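start.txt follows (compact mmCIF, N, CA and C atoms and all ligand atoms):
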# COMPACT_ATOMS: atom_id res chain seq x y z
N MET A 1425 34.60 93.70 -74.31
CA MET A 1425 33.55 94.60 -74.77
C MET A 1425 32.49 93.82 -75.55
N SER A 1426 31.27 94.25 -75.43
CA SER A 1426 30.20 93.59 -76.18
C SER A 1426 29.93 94.35 -77.47
N ILE A 1427 29.06 93.81 -78.32
CA ILE A 1427 28.74 94.49 -79.57
C ILE A 1427 27.92 95.75 -79.32
N PHE A 1428 27.47 95.95 -78.07
CA PHE A 1428 26.62 97.11 -77.81
C PHE A 1428 27.40 98.37 -77.42
N ASN A 1429 28.70 98.26 -77.19
CA ASN A 1429 29.43 99.49 -76.94
C ASN A 1429 30.54 99.78 -77.95
N LYS A 1430 30.59 99.01 -79.03
CA LYS A 1430 31.44 99.37 -80.16
C LYS A 1430 30.98 98.63 -81.42
N GLY A 1431 31.41 99.13 -82.57
CA GLY A 1431 31.10 98.45 -83.81
C GLY A 1431 29.78 98.86 -84.44
N PRO A 1432 29.32 98.10 -85.44
CA PRO A 1432 28.15 98.49 -86.23
C PRO A 1432 26.85 98.63 -85.43
N VAL A 1433 26.58 97.74 -84.47
CA VAL A 1433 25.33 97.83 -83.70
C VAL A 1433 25.30 99.13 -82.91
N TYR A 1434 26.42 99.44 -82.28
CA TYR A 1434 26.54 100.68 -81.52
C TYR A 1434 26.35 101.89 -82.44
N SER A 1435 26.99 101.84 -83.59
CA SER A 1435 26.89 102.93 -84.56
C SER A 1435 25.44 103.16 -85.00
N VAL A 1436 24.72 102.07 -85.28
CA VAL A 1436 23.33 102.18 -85.74
C VAL A 1436 22.43 102.70 -84.63
N VAL A 1437 22.51 102.09 -83.46
CA VAL A 1437 21.59 102.43 -82.37
C VAL A 1437 21.81 103.86 -81.88
N PHE A 1438 23.06 104.28 -81.75
CA PHE A 1438 23.34 105.60 -81.18
C PHE A 1438 23.74 106.64 -82.23
N SER A 1439 23.61 106.32 -83.52
CA SER A 1439 23.93 107.25 -84.62
C SER A 1439 25.36 107.79 -84.51
N LYS A 1440 26.31 106.87 -84.43
CA LYS A 1440 27.73 107.26 -84.36
C LYS A 1440 28.43 106.92 -85.67
N CYS A 1441 29.56 107.57 -85.92
CA CYS A 1441 30.37 107.29 -87.11
C CYS A 1441 30.62 105.78 -87.22
N PRO A 1442 30.31 105.17 -88.38
CA PRO A 1442 30.48 103.72 -88.51
C PRO A 1442 31.95 103.27 -88.44
N LYS A 1443 32.86 104.16 -88.84
CA LYS A 1443 34.27 103.78 -88.91
C LYS A 1443 34.95 103.85 -87.55
N CYS A 1444 34.74 104.96 -86.80
CA CYS A 1444 35.48 105.13 -85.54
C CYS A 1444 34.57 105.15 -84.30
N ASN A 1445 33.25 105.26 -84.49
CA ASN A 1445 32.29 105.29 -83.37
C ASN A 1445 32.45 106.49 -82.44
N LEU A 1446 33.23 107.49 -82.81
CA LEU A 1446 33.56 108.56 -81.87
C LEU A 1446 32.78 109.85 -82.10
N SER A 1447 32.13 109.97 -83.26
CA SER A 1447 31.46 111.23 -83.58
C SER A 1447 30.00 110.96 -83.94
N ASN A 1448 29.14 111.94 -83.71
CA ASN A 1448 27.73 111.79 -84.08
C ASN A 1448 27.54 111.92 -85.58
N LEU A 1449 26.56 111.17 -86.12
CA LEU A 1449 26.27 111.25 -87.55
C LEU A 1449 25.43 112.48 -87.89
N TYR A 1450 24.61 112.92 -86.92
CA TYR A 1450 23.64 113.99 -87.22
C TYR A 1450 24.01 115.27 -86.49
N VAL A 1451 23.56 116.38 -87.07
CA VAL A 1451 23.79 117.69 -86.50
C VAL A 1451 23.23 117.74 -85.08
N ASP A 1452 21.99 117.21 -84.92
CA ASP A 1452 21.37 117.10 -83.61
C ASP A 1452 21.13 115.62 -83.35
N ASN A 1453 21.75 115.07 -82.32
CA ASN A 1453 21.70 113.62 -82.12
C ASN A 1453 20.35 113.12 -81.60
N HIS A 1454 19.47 114.05 -81.20
CA HIS A 1454 18.16 113.65 -80.66
C HIS A 1454 17.16 113.44 -81.80
N PRO A 1455 16.67 112.19 -82.01
CA PRO A 1455 15.80 111.92 -83.16
C PRO A 1455 14.45 112.63 -83.10
N TYR A 1456 14.01 113.03 -81.90
CA TYR A 1456 12.69 113.68 -81.81
C TYR A 1456 12.75 115.21 -81.94
N HIS A 1457 13.91 115.76 -82.21
CA HIS A 1457 14.00 117.15 -82.63
C HIS A 1457 13.77 117.13 -84.14
N LEU A 1458 12.48 117.10 -84.53
CA LEU A 1458 12.09 116.73 -85.88
C LEU A 1458 12.60 117.65 -86.99
N LYS A 1459 12.80 118.93 -86.66
CA LYS A 1459 13.27 119.85 -87.70
C LYS A 1459 14.66 119.46 -88.21
N LYS A 1460 15.43 118.79 -87.36
CA LYS A 1460 16.79 118.41 -87.75
C LYS A 1460 16.92 116.90 -87.95
N LEU A 1461 15.78 116.24 -88.13
CA LEU A 1461 15.77 114.77 -88.23
C LEU A 1461 16.75 114.23 -89.28
N GLY A 1462 16.72 114.82 -90.48
CA GLY A 1462 17.53 114.28 -91.57
C GLY A 1462 18.84 115.00 -91.81
N GLN A 1463 19.16 115.98 -90.96
CA GLN A 1463 20.38 116.76 -91.20
C GLN A 1463 21.62 116.04 -90.71
N MET A 1464 22.39 115.52 -91.66
CA MET A 1464 23.61 114.80 -91.30
C MET A 1464 24.81 115.72 -91.44
N LYS A 1465 25.86 115.41 -90.68
CA LYS A 1465 27.12 116.12 -90.87
C LYS A 1465 27.72 115.63 -92.19
N LYS A 1466 28.61 116.45 -92.79
CA LYS A 1466 29.24 116.08 -94.07
C LYS A 1466 30.22 114.92 -93.88
N GLU A 1467 30.98 115.02 -92.78
CA GLU A 1467 31.97 113.97 -92.53
C GLU A 1467 32.27 113.89 -91.04
N CYS A 1468 32.97 112.83 -90.66
CA CYS A 1468 33.33 112.62 -89.26
C CYS A 1468 34.45 113.59 -88.88
N GLU A 1469 34.26 114.34 -87.78
CA GLU A 1469 35.31 115.29 -87.40
C GLU A 1469 36.47 114.61 -86.69
N LYS A 1470 36.33 113.33 -86.37
CA LYS A 1470 37.43 112.59 -85.73
C LYS A 1470 38.30 111.86 -86.76
N CYS A 1471 37.66 111.08 -87.67
CA CYS A 1471 38.44 110.25 -88.59
C CYS A 1471 38.33 110.70 -90.05
N GLY A 1472 37.44 111.64 -90.35
CA GLY A 1472 37.34 112.16 -91.71
C GLY A 1472 36.47 111.34 -92.65
N GLN A 1473 35.84 110.29 -92.15
CA GLN A 1473 34.95 109.48 -92.98
C GLN A 1473 33.80 110.32 -93.52
N LYS A 1474 33.60 110.29 -94.86
CA LYS A 1474 32.47 111.02 -95.44
C LYS A 1474 31.16 110.30 -95.12
N TYR A 1475 30.14 111.08 -94.72
CA TYR A 1475 28.86 110.48 -94.36
C TYR A 1475 27.92 110.34 -95.56
N GLU A 1476 28.23 111.01 -96.67
CA GLU A 1476 27.47 110.78 -97.90
C GLU A 1476 28.46 110.46 -99.00
N PRO A 1477 28.85 109.19 -99.11
CA PRO A 1477 29.92 108.79 -100.03
C PRO A 1477 29.66 109.23 -101.48
N GLU A 1478 28.41 109.25 -101.92
CA GLU A 1478 28.10 109.74 -103.26
C GLU A 1478 26.70 110.37 -103.25
N THR A 1479 26.42 111.20 -104.25
CA THR A 1479 25.11 111.86 -104.32
C THR A 1479 24.02 110.80 -104.43
N GLY A 1480 22.95 111.00 -103.67
CA GLY A 1480 21.83 110.04 -103.72
C GLY A 1480 22.10 108.75 -102.98
N PHE A 1481 23.16 108.72 -102.21
CA PHE A 1481 23.55 107.50 -101.48
C PHE A 1481 22.40 106.94 -100.65
N TYR A 1482 21.64 107.82 -100.02
CA TYR A 1482 20.63 107.36 -99.07
C TYR A 1482 19.31 106.92 -99.69
N TYR A 1483 19.20 106.96 -101.04
CA TYR A 1483 18.02 106.37 -101.66
C TYR A 1483 17.92 104.89 -101.31
N GLY A 1484 19.07 104.26 -101.20
CA GLY A 1484 19.11 102.83 -100.88
C GLY A 1484 18.58 102.53 -99.48
N ALA A 1485 18.62 103.56 -98.62
CA ALA A 1485 18.13 103.36 -97.25
C ALA A 1485 16.63 103.09 -97.24
N MET A 1486 15.95 103.39 -98.35
CA MET A 1486 14.52 103.11 -98.44
C MET A 1486 14.23 101.61 -98.31
N TYR A 1487 15.12 100.79 -98.83
CA TYR A 1487 14.92 99.34 -98.71
C TYR A 1487 15.00 98.91 -97.25
N VAL A 1488 15.97 99.49 -96.55
CA VAL A 1488 16.13 99.19 -95.12
C VAL A 1488 14.91 99.69 -94.37
N SER A 1489 14.46 100.89 -94.72
CA SER A 1489 13.29 101.49 -94.08
C SER A 1489 12.06 100.61 -94.27
N TYR A 1490 11.89 100.09 -95.47
CA TYR A 1490 10.77 99.20 -95.77
C TYR A 1490 10.81 97.97 -94.86
N PHE A 1491 11.98 97.36 -94.77
CA PHE A 1491 12.15 96.17 -93.94
C PHE A 1491 11.86 96.48 -92.47
N LEU A 1492 12.41 97.58 -91.96
CA LEU A 1492 12.18 97.95 -90.55
C LEU A 1492 10.70 98.25 -90.29
N SER A 1493 10.05 98.90 -91.25
CA SER A 1493 8.63 99.23 -91.10
C SER A 1493 7.78 97.96 -90.98
N ILE A 1494 8.06 96.99 -91.83
CA ILE A 1494 7.35 95.72 -91.78
C ILE A 1494 7.54 95.09 -90.39
N LEU A 1495 8.81 95.08 -89.95
CA LEU A 1495 9.15 94.49 -88.66
C LEU A 1495 8.40 95.17 -87.52
N PHE A 1496 8.41 96.53 -87.53
CA PHE A 1496 7.82 97.27 -86.43
C PHE A 1496 6.30 97.40 -86.54
N MET A 1497 5.71 96.87 -87.60
CA MET A 1497 4.25 96.79 -87.67
C MET A 1497 3.77 95.38 -87.38
N PHE A 1498 4.47 94.39 -87.91
CA PHE A 1498 4.00 93.01 -87.78
C PHE A 1498 4.24 92.44 -86.39
N ILE A 1499 5.34 92.83 -85.74
CA ILE A 1499 5.59 92.31 -84.39
C ILE A 1499 4.54 92.80 -83.40
N PRO A 1500 4.27 94.12 -83.33
CA PRO A 1500 3.17 94.56 -82.43
C PRO A 1500 1.83 93.97 -82.83
N ALA A 1501 1.55 93.89 -84.13
CA ALA A 1501 0.28 93.33 -84.59
C ALA A 1501 0.15 91.88 -84.15
N GLY A 1502 1.24 91.13 -84.27
CA GLY A 1502 1.24 89.72 -83.87
C GLY A 1502 1.01 89.56 -82.37
N ILE A 1503 1.69 90.41 -81.58
CA ILE A 1503 1.53 90.35 -80.13
C ILE A 1503 0.09 90.68 -79.74
N LEU A 1504 -0.47 91.73 -80.34
CA LEU A 1504 -1.85 92.12 -80.03
C LEU A 1504 -2.82 91.00 -80.39
N TYR A 1505 -2.60 90.39 -81.54
CA TYR A 1505 -3.51 89.36 -82.03
C TYR A 1505 -3.45 88.11 -81.14
N LEU A 1506 -2.23 87.73 -80.74
CA LEU A 1506 -2.06 86.49 -79.99
C LEU A 1506 -2.33 86.64 -78.49
N ALA A 1507 -1.96 87.80 -77.92
CA ALA A 1507 -1.98 87.92 -76.46
C ALA A 1507 -3.15 88.73 -75.91
N PHE A 1508 -3.78 89.55 -76.75
CA PHE A 1508 -4.87 90.39 -76.24
C PHE A 1508 -6.14 90.14 -77.04
N ASP A 1509 -7.25 90.25 -76.34
CA ASP A 1509 -8.54 90.03 -76.99
C ASP A 1509 -9.13 91.38 -77.41
N THR A 1510 -8.44 92.05 -78.34
CA THR A 1510 -8.89 93.38 -78.77
C THR A 1510 -9.43 93.30 -80.19
N SER A 1511 -10.22 94.31 -80.54
CA SER A 1511 -10.83 94.32 -81.88
C SER A 1511 -9.80 94.68 -82.95
N LEU A 1512 -10.13 94.37 -84.17
CA LEU A 1512 -9.25 94.68 -85.30
C LEU A 1512 -8.98 96.18 -85.38
N GLU A 1513 -10.04 96.99 -85.15
CA GLU A 1513 -9.88 98.45 -85.22
C GLU A 1513 -8.88 98.93 -84.17
N THR A 1514 -9.00 98.40 -82.95
CA THR A 1514 -8.07 98.76 -81.87
C THR A 1514 -6.65 98.37 -82.26
N ASN A 1515 -6.50 97.16 -82.76
CA ASN A 1515 -5.17 96.67 -83.14
C ASN A 1515 -4.53 97.57 -84.20
N ILE A 1516 -5.32 97.92 -85.21
CA ILE A 1516 -4.80 98.78 -86.28
C ILE A 1516 -4.40 100.14 -85.70
N GLY A 1517 -5.23 100.69 -84.83
CA GLY A 1517 -4.94 101.98 -84.20
C GLY A 1517 -3.65 101.93 -83.40
N VAL A 1518 -3.49 100.89 -82.59
CA VAL A 1518 -2.30 100.76 -81.75
C VAL A 1518 -1.04 100.61 -82.62
N VAL A 1519 -1.14 99.78 -83.65
CA VAL A 1519 0.01 99.55 -84.52
C VAL A 1519 0.41 100.85 -85.23
N ILE A 1520 -0.56 101.59 -85.74
CA ILE A 1520 -0.26 102.85 -86.41
C ILE A 1520 0.34 103.85 -85.40
N GLY A 1521 -0.21 103.87 -84.18
CA GLY A 1521 0.33 104.75 -83.14
C GLY A 1521 1.78 104.44 -82.83
N ILE A 1522 2.09 103.16 -82.64
CA ILE A 1522 3.47 102.74 -82.36
C ILE A 1522 4.38 103.13 -83.52
N TYR A 1523 3.89 102.91 -84.73
CA TYR A 1523 4.70 103.22 -85.92
C TYR A 1523 5.01 104.71 -86.02
N ILE A 1524 3.98 105.54 -85.80
CA ILE A 1524 4.19 107.00 -85.86
C ILE A 1524 5.18 107.43 -84.78
N PHE A 1525 5.02 106.86 -83.57
CA PHE A 1525 5.94 107.18 -82.48
C PHE A 1525 7.37 106.76 -82.82
N MET A 1526 7.54 105.61 -83.45
CA MET A 1526 8.86 105.07 -83.77
C MET A 1526 9.49 105.69 -85.02
N TYR A 1527 8.68 106.40 -85.82
CA TYR A 1527 9.15 106.84 -87.14
C TYR A 1527 10.50 107.57 -87.13
N PRO A 1528 10.70 108.58 -86.25
CA PRO A 1528 12.00 109.27 -86.29
C PRO A 1528 13.18 108.33 -86.03
N ILE A 1529 12.99 107.38 -85.13
CA ILE A 1529 14.06 106.42 -84.83
C ILE A 1529 14.29 105.49 -86.03
N LEU A 1530 13.21 105.00 -86.61
CA LEU A 1530 13.34 104.09 -87.76
C LEU A 1530 13.97 104.80 -88.96
N PHE A 1531 13.59 106.07 -89.15
CA PHE A 1531 14.17 106.87 -90.24
C PHE A 1531 15.69 106.93 -90.11
N ARG A 1532 16.16 107.20 -88.90
CA ARG A 1532 17.61 107.29 -88.69
C ARG A 1532 18.27 105.92 -88.73
N TRP A 1533 17.66 104.94 -88.11
CA TRP A 1533 18.25 103.59 -88.15
C TRP A 1533 18.41 103.10 -89.58
N SER A 1534 17.43 103.42 -90.43
CA SER A 1534 17.53 103.01 -91.84
C SER A 1534 18.78 103.60 -92.48
N ARG A 1535 18.98 104.89 -92.29
CA ARG A 1535 20.18 105.54 -92.83
C ARG A 1535 21.46 104.98 -92.19
N ASN A 1536 21.42 104.78 -90.88
CA ASN A 1536 22.60 104.29 -90.17
C ASN A 1536 22.97 102.89 -90.64
N ILE A 1537 21.96 102.03 -90.79
CA ILE A 1537 22.22 100.66 -91.25
C ILE A 1537 22.79 100.69 -92.66
N TRP A 1538 22.19 101.53 -93.52
CA TRP A 1538 22.65 101.61 -94.91
C TRP A 1538 24.12 102.06 -94.97
N LEU A 1539 24.47 103.08 -94.19
CA LEU A 1539 25.86 103.57 -94.18
C LEU A 1539 26.80 102.50 -93.61
N ASN A 1540 26.33 101.79 -92.58
CA ASN A 1540 27.16 100.74 -91.98
C ASN A 1540 27.40 99.55 -92.91
N LEU A 1541 26.49 99.36 -93.88
CA LEU A 1541 26.69 98.27 -94.85
C LEU A 1541 27.90 98.55 -95.75
N PHE A 1542 28.22 99.85 -95.93
CA PHE A 1542 29.29 100.21 -96.85
C PHE A 1542 30.56 100.68 -96.15
N VAL A 1543 30.45 101.10 -94.89
CA VAL A 1543 31.61 101.58 -94.15
C VAL A 1543 31.85 100.67 -92.94
N PRO A 1544 32.88 99.83 -92.99
CA PRO A 1544 33.14 98.92 -91.87
C PRO A 1544 33.76 99.64 -90.67
N PHE A 1545 33.51 99.11 -89.48
CA PHE A 1545 34.14 99.61 -88.26
C PHE A 1545 35.63 99.30 -88.30
N ASP A 1546 36.45 100.27 -87.90
CA ASP A 1546 37.90 100.08 -87.93
C ASP A 1546 38.50 100.34 -86.54
N GLU A 1547 38.77 99.25 -85.85
CA GLU A 1547 39.32 99.30 -84.49
C GLU A 1547 40.61 100.11 -84.42
N GLU A 1548 41.47 99.94 -85.45
CA GLU A 1548 42.78 100.63 -85.44
C GLU A 1548 42.63 102.14 -85.55
N VAL A 1549 41.69 102.58 -86.40
CA VAL A 1549 41.46 104.03 -86.55
C VAL A 1549 41.02 104.60 -85.21
N LYS A 1550 40.09 103.91 -84.55
CA LYS A 1550 39.59 104.36 -83.26
C LYS A 1550 40.73 104.44 -82.24
N ALA A 1551 41.55 103.39 -82.19
CA ALA A 1551 42.66 103.34 -81.23
C ALA A 1551 43.66 104.46 -81.49
N LYS A 1552 43.91 104.76 -82.79
CA LYS A 1552 44.85 105.81 -83.16
C LYS A 1552 44.36 107.17 -82.68
N ILE A 1553 43.05 107.43 -82.87
CA ILE A 1553 42.48 108.74 -82.46
C ILE A 1553 42.51 108.87 -80.94
N LEU A 1554 42.19 107.79 -80.25
CA LEU A 1554 42.18 107.84 -78.78
C LEU A 1554 43.59 107.88 -78.21
N GLY A 1555 44.58 107.52 -79.03
CA GLY A 1555 45.99 107.63 -78.66
C GLY A 1555 46.52 106.53 -77.81
ZN ZN B 1 34.76 108.66 -87.55
Represent the structure from my file as structure tokens, please.
Ligand SMILES: [Zn+2]
Amino acid sequence: MSIFNKGPVYSVVFSKCPKCNLSNLYVDNHPYHLKKLGQMKKECEKCGQKYEPETGFYYGAMYVSYFLSILFMFIPAGILYLAFDTSLETNIGVVIGIYIFMYPILFRWSRNIWLNLFVPFDEEVKAKILG
């Protein structure tokens, strides 16, 4: 198996329980259903892992969000600057457009990464649930 179908990367990209990878983290797993963007389940229905270990836990996700935002603005800006002969105004517009489009995904990835930093993947728990 590769890191893309189990473990922390899988958990972050597909919003799955960091511990067992078997349950969704959010009430609605689709990030573009914006009304439910931030609504997380209380805990994993498969392994019982709490998704908000303490009150205010996700304030720390702001640091991750900041880092991801920089990444998702500077990479497109760099590509536009180096590979295309477009004006500064066009570049700024495209970068802001990409960022707005990516926002729901980045919002969730920030939370998912933050939770994964504190809750390690547990192969044995997953194996036990699957039987
Ligand atoms: Zn779980």
*Could you pull out every residue with an atom within 6 Å of (25.6, 112.2, -87.2), file coordinates, counting all atoms listed in the file, and send them as number ranges by chain?*
A: 1439, 1447-1451, 1464-1465
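Contacts with ligand ZN 1 (chain B) are defined as any residue atom within 8 Å of a ligand atom, using only N, CA and C atoms and all ligand atoms; the residues meeting this criterion are Lys1440, Cys1441, Pro1442, Lys1443, Cys1444, Asn1445, Leu1446, Ser1447, Asn1448, Glu1467, Cys1468, Glu1469, Lys1470, Cys1471, Gly1472, Gln1473, Lys1474, Val1549 and Lys1550 of chain A.
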With N, CA and C atoms retained, export the selected residues as a PDB file, keeping the file's coordinate frame.
ATOM      1  N   LYS A1440      26.310 106.870 -84.430  1.00  0.00           N
ATOM      2  CA  LYS A1440      27.730 107.260 -84.360  1.00  0.00           C
ATOM      3  C   LYS A1440      28.430 106.920 -85.670  1.00  0.00           C
ATOM      4  N   CYS A1441      29.560 107.570 -85.920  1.00  0.00           N
ATOM      5  CA  CYS A1441      30.370 107.290 -87.110  1.00  0.00           C
ATOM      6  C   CYS A1441      30.620 105.780 -87.220  1.00  0.00           C
ATOM      7  N   PRO A1442      30.310 105.170 -88.380  1.00  0.00           N
ATOM      8  CA  PRO A1442      30.480 103.720 -88.510  1.00  0.00           C
ATOM      9  C   PRO A1442      31.950 103.270 -88.440  1.00  0.00           C
ATOM     10  N   LYS A1443      32.860 104.160 -88.840  1.00  0.00           N
ATOM     11  CA  LYS A1443      34.270 103.780 -88.910  1.00  0.00           C
ATOM     12  C   LYS A1443      34.950 103.850 -87.550  1.00  0.00           C
ATOM     13  N   CYS A1444      34.740 104.960 -86.800  1.00  0.00           N
ATOM     14  CA  CYS A1444      35.480 105.130 -85.540  1.00  0.00           C
ATOM     15  C   CYS A1444      34.570 105.150 -84.300  1.00  0.00           C
ATOM     16  N   ASN A1445      33.250 105.260 -84.490  1.00  0.00           N
ATOM     17  CA  ASN A1445      32.290 105.290 -83.370  1.00  0.00           C
ATOM     18  C   ASN A1445      32.450 106.490 -82.440  1.00  0.00           C
ATOM     19  N   LEU A1446      33.230 107.490 -82.810  1.00  0.00           N
ATOM     20  CA  LEU A1446      33.560 108.560 -81.870  1.00  0.00           C
ATOM     21  C   LEU A1446      32.780 109.850 -82.100  1.00  0.00           C
ATOM     22  N   SER A1447      32.130 109.970 -83.260  1.00  0.00           N
ATOM     23  CA  SER A1447      31.460 111.230 -83.580  1.00  0.00           C
ATOM     24  C   SER A1447      30.000 110.960 -83.940  1.00  0.00           C
ATOM     25  N   ASN A1448      29.140 111.940 -83.710  1.00  0.00           N
ATOM     26  CA  ASN A1448      27.730 111.790 -84.080  1.00  0.00           C
ATOM     27  C   ASN A1448      27.540 111.920 -85.580  1.00  0.00           C
ATOM     28  N   GLU A1467      30.980 115.020 -92.780  1.00  0.00           N
ATOM     29  CA  GLU A1467      31.970 113.970 -92.530  1.00  0.00           C
ATOM     30  C   GLU A1467      32.270 113.890 -91.040  1.00  0.00           C
ATOM     31  N   CYS A1468      32.970 112.830 -90.660  1.00  0.00           N
ATOM     32  CA  CYS A1468      33.330 112.620 -89.260  1.00  0.00           C
ATOM     33  C   CYS A1468      34.450 113.590 -88.880  1.00  0.00           C
ATOM     34  N   GLU A1469      34.260 114.340 -87.780  1.00  0.00           N
ATOM     35  CA  GLU A1469      35.310 115.290 -87.400  1.00  0.00           C
ATOM     36  C   GLU A1469      36.470 114.610 -86.690  1.00  0.00           C
ATOM     37  N   LYS A1470      36.330 113.330 -86.370  1.00  0.00           N
ATOM     38  CA  LYS A1470      37.430 112.590 -85.730  1.00  0.00           C
ATOM     39  C   LYS A1470      38.300 111.860 -86.760  1.00  0.00           C
ATOM     40  N   CYS A1471      37.660 111.080 -87.670  1.00  0.00           N
ATOM     41  CA  CYS A1471      38.440 110.250 -88.590  1.00  0.00           C
ATOM     42  C   CYS A1471      38.330 110.700 -90.050  1.00  0.00           C
ATOM     43  N   GLY A1472      37.440 111.640 -90.350  1.00  0.00           N
ATOM     44  CA  GLY A1472      37.340 112.160 -91.710  1.00  0.00           C
ATOM     45  C   GLY A1472      36.470 111.340 -92.650  1.00  0.00           C
ATOM     46  N   GLN A1473      35.840 110.290 -92.150  1.00  0.00           N
ATOM     47  CA  GLN A1473      34.950 109.480 -92.980  1.00  0.00           C
ATOM     48  C   GLN A1473      33.800 110.320 -93.520  1.00  0.00           C
ATOM     49  N   LYS A1474      33.600 110.290 -94.860  1.00  0.00           N
ATOM     50  CA  LYS A1474      32.470 111.020 -95.440  1.00  0.00           C
ATOM     51  C   LYS A1474      31.160 110.300 -95.120  1.00  0.00           C
ATOM     52  N   VAL A1549      41.690 102.580 -86.400  1.00  0.00           N
ATOM     53  CA  VAL A1549      41.460 104.030 -86.550  1.00  0.00           C
ATOM     54  C   VAL A1549      41.020 104.600 -85.210  1.00  0.00           C
ATOM     55  N   LYS A1550      40.090 103.910 -84.550  1.00  0.00           N
ATOM     56  CA  LYS A1550      39.590 104.360 -83.260  1.00  0.00           C
ATOM     57  C   LYS A1550      40.730 104.440 -82.240  1.00  0.00           C
TER      58      LYS A1550
END
*Mind checking which residues fall within 8 Å of A:Tyr1482, counting all atoms listed in the file, ignoring those fewer than 6 positions away in the same chain, and posting them as a list in words?*
Glu1476, Ser1534, Arg1535, Trp1538 and Leu1539 of chain A
Residues just named, written with N, CA and C atoms as a PDB file, in the coordinates of the input:
ATOM      1  N   GLU A1476      28.230 111.010 -96.670  1.00  0.00           N
ATOM      2  CA  GLU A1476      27.470 110.780 -97.900  1.00  0.00           C
ATOM      3  C   GLU A1476      28.460 110.460 -99.000  1.00  0.00           C
ATOM      4  N   SER A1534      17.430 103.420 -90.430  1.00  0.00           N
ATOM      5  CA  SER A1534      17.530 103.010 -91.840  1.00  0.00           C
ATOM      6  C   SER A1534      18.780 103.600 -92.480  1.00  0.00           C
ATOM      7  N   ARG A1535      18.980 104.890 -92.290  1.00  0.00           N
ATOM      8  CA  ARG A1535      20.180 105.540 -92.830  1.00  0.00           C
ATOM      9  C   ARG A1535      21.460 104.980 -92.190  1.00  0.00           C
ATOM     10  N   TRP A1538      22.190 101.530 -93.520  1.00  0.00           N
ATOM     11  CA  TRP A1538      22.650 101.610 -94.910  1.00  0.00           C
ATOM     12  C   TRP A1538      24.120 102.060 -94.970  1.00  0.00           C
ATOM     13  N   LEU A1539      24.470 103.080 -94.190  1.00  0.00           N
ATOM     14  CA  LEU A1539      25.860 103.570 -94.180  1.00  0.00           C
ATOM     15  C   LEU A1539      26.800 102.500 -93.610  1.00  0.00           C
TER      16      LEU A1539
END
*Test item: residues at most 12 Å from A:Ile1516, only C-alpha atoms, excluding those fewer than 2 positions along its chain, as a list in words*: Met1497, Phe1498, Pro1500, Ala1501, Gly1502, Leu1504, Tyr1505, Thr1510, Ser1511, Leu1512, Glu1513, Thr1514, Val1518, Val1519, Ile1520, Gly1521, Ile1522 and Tyr1523 of chain A
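Reported to one decimal place, the separation of atom CA of A:Lys1430 from atom CA of A:Asn1536 is 14.2 Å.
Proximity of A:Gln1463, A:Asn1540, A:Ser1493, A:Asn1515 to A:Val1436, computed with only N, CA and C atoms, is greatest for A:Asn1540.
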_Considering only strand (DSSP E or B) as DSSP defines it on the backbone, what residues of stretch 1428-1493 of chain A qualify? List them as a PyMOL selection string._
chain A and resi 1440+1448+1450+1464+1467+1474
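Atom CA of A:Pro1528 to atom CA of A:His1457 spans 8.9 Å [interatomic distance, one decimal].
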*Which residues in stretch 1482-1552 of chain A does DSSP call alpha helix (DSSP H)? List them as an NGL selection string.*
:A and (1485-1507 or 1512-1542 or 1547-1552)
*One decimal, Å: what's the distance from atom CA of A:Lys1466 over to atom CA of A:Ile1553, could you say?*
19.1 Å
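Using all atoms listed in the file, the nearest neighbour of A:Asp1546 within the list A:Pro1477, A:Pro1455, A:Gly1462, A:Gly1431 is A:Gly1431.
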Hey, could you pull the box centre and edge lengths for stretch 1469-1479 of chain A, axis-aligned, 3 Å padding per side, all listed atoms, to one decimal in Å, as JSON?
{"center_x": 31.2, "center_y": 112.0, "center_z": -95.1, "size_x": 20.4, "size_y": 12.5, "size_z": 24.7}
_At a cut-off of 7 Å, using only N, CA and C atoms, what residues contact A:Val1437? Leave out same-chain residues fewer than 4 positions from it and give the result as a ChimeraX atom specification._
/A:1432-1433,1533
